[in-house]
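To start, the structure under review is shown below, and the notes come after it.
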Amino acid sequence: MNDNNLREIKIDGSEVFSGKLLHVFHDTVKLPNDHITGRDLIRHVGAVCVVPITADGSVIMERQYRYPVDEILWEIPAGKLDSKSEDKLEAAKRELREETGYSAERWIDLGFLYPTPAYSDEAIKIYIAKDLQKGEQDLDDDEFINVELIKLDKLVDMVMAGEIADAKTQLAILKADKYLKNHLD
């Protein structure tokens, strides 16, 4: 399939905000019909997320307050990269250990997702972690996370019932469930 007729071409752009987490840009682009328009977008360093699965088929889940939506959400362990060039598997190992205290012997790559491609270039790499060993959480000073174990089948039901609102968690849980059913890991 040739989709070149869909591509937009950047003419110029400028950063309009630079923060600790996000960098906002306004670009001028030429559309496929040769019209000129503006695009506001967020540049993000990227992130990783982990579906840590215990020997009995439970997933190590987190409860965390999210200020932008003013809710306490169910999430899998996740975090942003320190840089675009950071090794994603090493970042996943770090986030799992810091947020839950667990480490893993086996890692399965489930690909990546763009959570909001209409306005951000953030890409999140998804992993399954298995053969877990329990340790101690090492949370950042501004992190407050409760950890609970929930069976993967129950999490799939929670996703489908709308009880898990976080997009990366929904997708990662469903992908992990499908992968494990197909690969008997």
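In the structure tokens, each chain is lettered A, B, ... as it comes, each chain's residues begin at 1, and ligands are numbered from 1 in order of appearance.
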12 Å contact set for region 132-148 of chain A, only C-alpha atoms, chain neighbours under 2 positions out, as JSON, numbers by chain: {"A": [51, 52, 53, 54, 55, 56, 57, 58, 59, 60, 61, 62, 63, 64, 65, 66, 67, 72, 73, 74, 75, 76, 77, 78, 79, 93, 94, 95, 96, 97, 98, 99, 100, 101, 102, 103, 104, 105, 106, 107, 128, 129, 130, 150, 151, 155]}
Residues of region 65-151 of chain A in strand (DSSP E), written as number ranges by chain: A: 65-66, 71-75, 78-80, 103-113, 124-133, 145-151
Could you dump the residues just selected with C-alpha atoms as a PDB file, in the first residue's frame?
ATOM      1  CA  TYR A  65      -2.867   9.027  42.162  1.00  0.00           C
ATOM      2  CA  ARG A  66      -2.727  10.932  38.865  1.00  0.00           C
ATOM      3  CA  GLU A  71      -8.061   9.903  40.281  1.00  0.00           C
ATOM      4  CA  ILE A  72      -6.295   6.938  41.796  1.00  0.00           C
ATOM      5  CA  LEU A  73      -5.702   4.531  38.916  1.00  0.00           C
ATOM      6  CA  TRP A  74      -4.748   0.908  38.383  1.00  0.00           C
ATOM      7  CA  GLU A  75      -1.511   0.803  36.401  1.00  0.00           C
ATOM      8  CA  ALA A  78       6.081   2.195  33.986  1.00  0.00           C
ATOM      9  CA  GLY A  79       8.288   5.218  33.634  1.00  0.00           C
ATOM     10  CA  LYS A  80       9.927   7.601  31.258  1.00  0.00           C
ATOM     11  CA  SER A 103      13.353  -7.917  39.623  1.00  0.00           C
ATOM     12  CA  ALA A 104      12.949 -10.459  36.831  1.00  0.00           C
ATOM     13  CA  GLU A 105      15.067 -13.122  35.146  1.00  0.00           C
ATOM     14  CA  ARG A 106      13.039 -13.314  31.896  1.00  0.00           C
ATOM     15  CA  TRP A 107      11.852 -10.470  29.711  1.00  0.00           C
ATOM     16  CA  ILE A 108       9.520 -10.687  26.719  1.00  0.00           C
ATOM     17  CA  ASP A 109       9.291  -7.784  24.273  1.00  0.00           C
ATOM     18  CA  LEU A 110       5.685  -7.005  23.249  1.00  0.00           C
ATOM     19  CA  GLY A 111       6.507  -4.091  20.958  1.00  0.00           C
ATOM     20  CA  PHE A 112       5.553  -0.478  21.493  1.00  0.00           C
ATOM     21  CA  LEU A 113       2.602   1.887  21.393  1.00  0.00           C
ATOM     22  CA  ILE A 124       6.108   3.352  25.097  1.00  0.00           C
ATOM     23  CA  LYS A 125       7.938   0.016  24.910  1.00  0.00           C
ATOM     24  CA  ILE A 126       5.959  -2.875  26.439  1.00  0.00           C
ATOM     25  CA  TYR A 127       7.496  -5.865  28.226  1.00  0.00           C
ATOM     26  CA  ILE A 128       6.387  -8.930  30.136  1.00  0.00           C
ATOM     27  CA  ALA A 129       8.619  -9.737  33.113  1.00  0.00           C
ATOM     28  CA  LYS A 130       8.710 -13.300  34.469  1.00  0.00           C
ATOM     29  CA  ASP A 131      10.664 -15.360  37.007  1.00  0.00           C
ATOM     30  CA  LEU A 132      10.326 -12.582  39.566  1.00  0.00           C
ATOM     31  CA  GLN A 133      12.236 -12.048  42.794  1.00  0.00           C
ATOM     32  CA  ILE A 145       2.507   3.767  44.960  1.00  0.00           C
ATOM     33  CA  ASN A 146       0.587   0.888  46.508  1.00  0.00           C
ATOM     34  CA  VAL A 147       1.353  -2.541  45.033  1.00  0.00           C
ATOM     35  CA  GLU A 148      -1.182  -5.379  44.726  1.00  0.00           C
ATOM     36  CA  LEU A 149      -1.166  -8.768  43.009  1.00  0.00           C
ATOM     37  CA  ILE A 150      -4.137  -9.566  40.748  1.00  0.00           C
ATOM     38  CA  LYS A 151      -4.635 -12.600  38.509  1.00  0.00           C
TER      39      LYS A 151
END
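Coordinates place CA of Ser18 (chain A) at a distance of 24.5 Å from CA of Lys168 (chain A).
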Spatial neighbours of region 35-47 of chain A, 7 Å, only C-alpha atoms, chain gap at least 2 places, as a PyMOL selection string: chain A and resi 22-31+33+49+79-81+83-84+119-125
Coordinates-based distance that separates CA of Leu152 (chain A) from CA of Val69 (chain A) (Å, one decimal):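 Spanning CA of Val69 (chain A) to CA of Leu152 (chain A) is a straight-line distance of 25.5 Å.
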Contacts of Ala167 (chain A) at 9 Å (only C-alpha atoms; same-chain gap of 4+ positions) as number ranges by chain: A: 115, 171-172
Residue nearest Val48 (chain A) among A:Val16, A:Ile11, A:Ala92, A:Leu21 (counting only C-alpha atoms): A:Ala92
Atomic distance CA of Lys178 (chain A) - CA of Asp153 (chain A), expressed in Å with one decimal: 10.7 Å
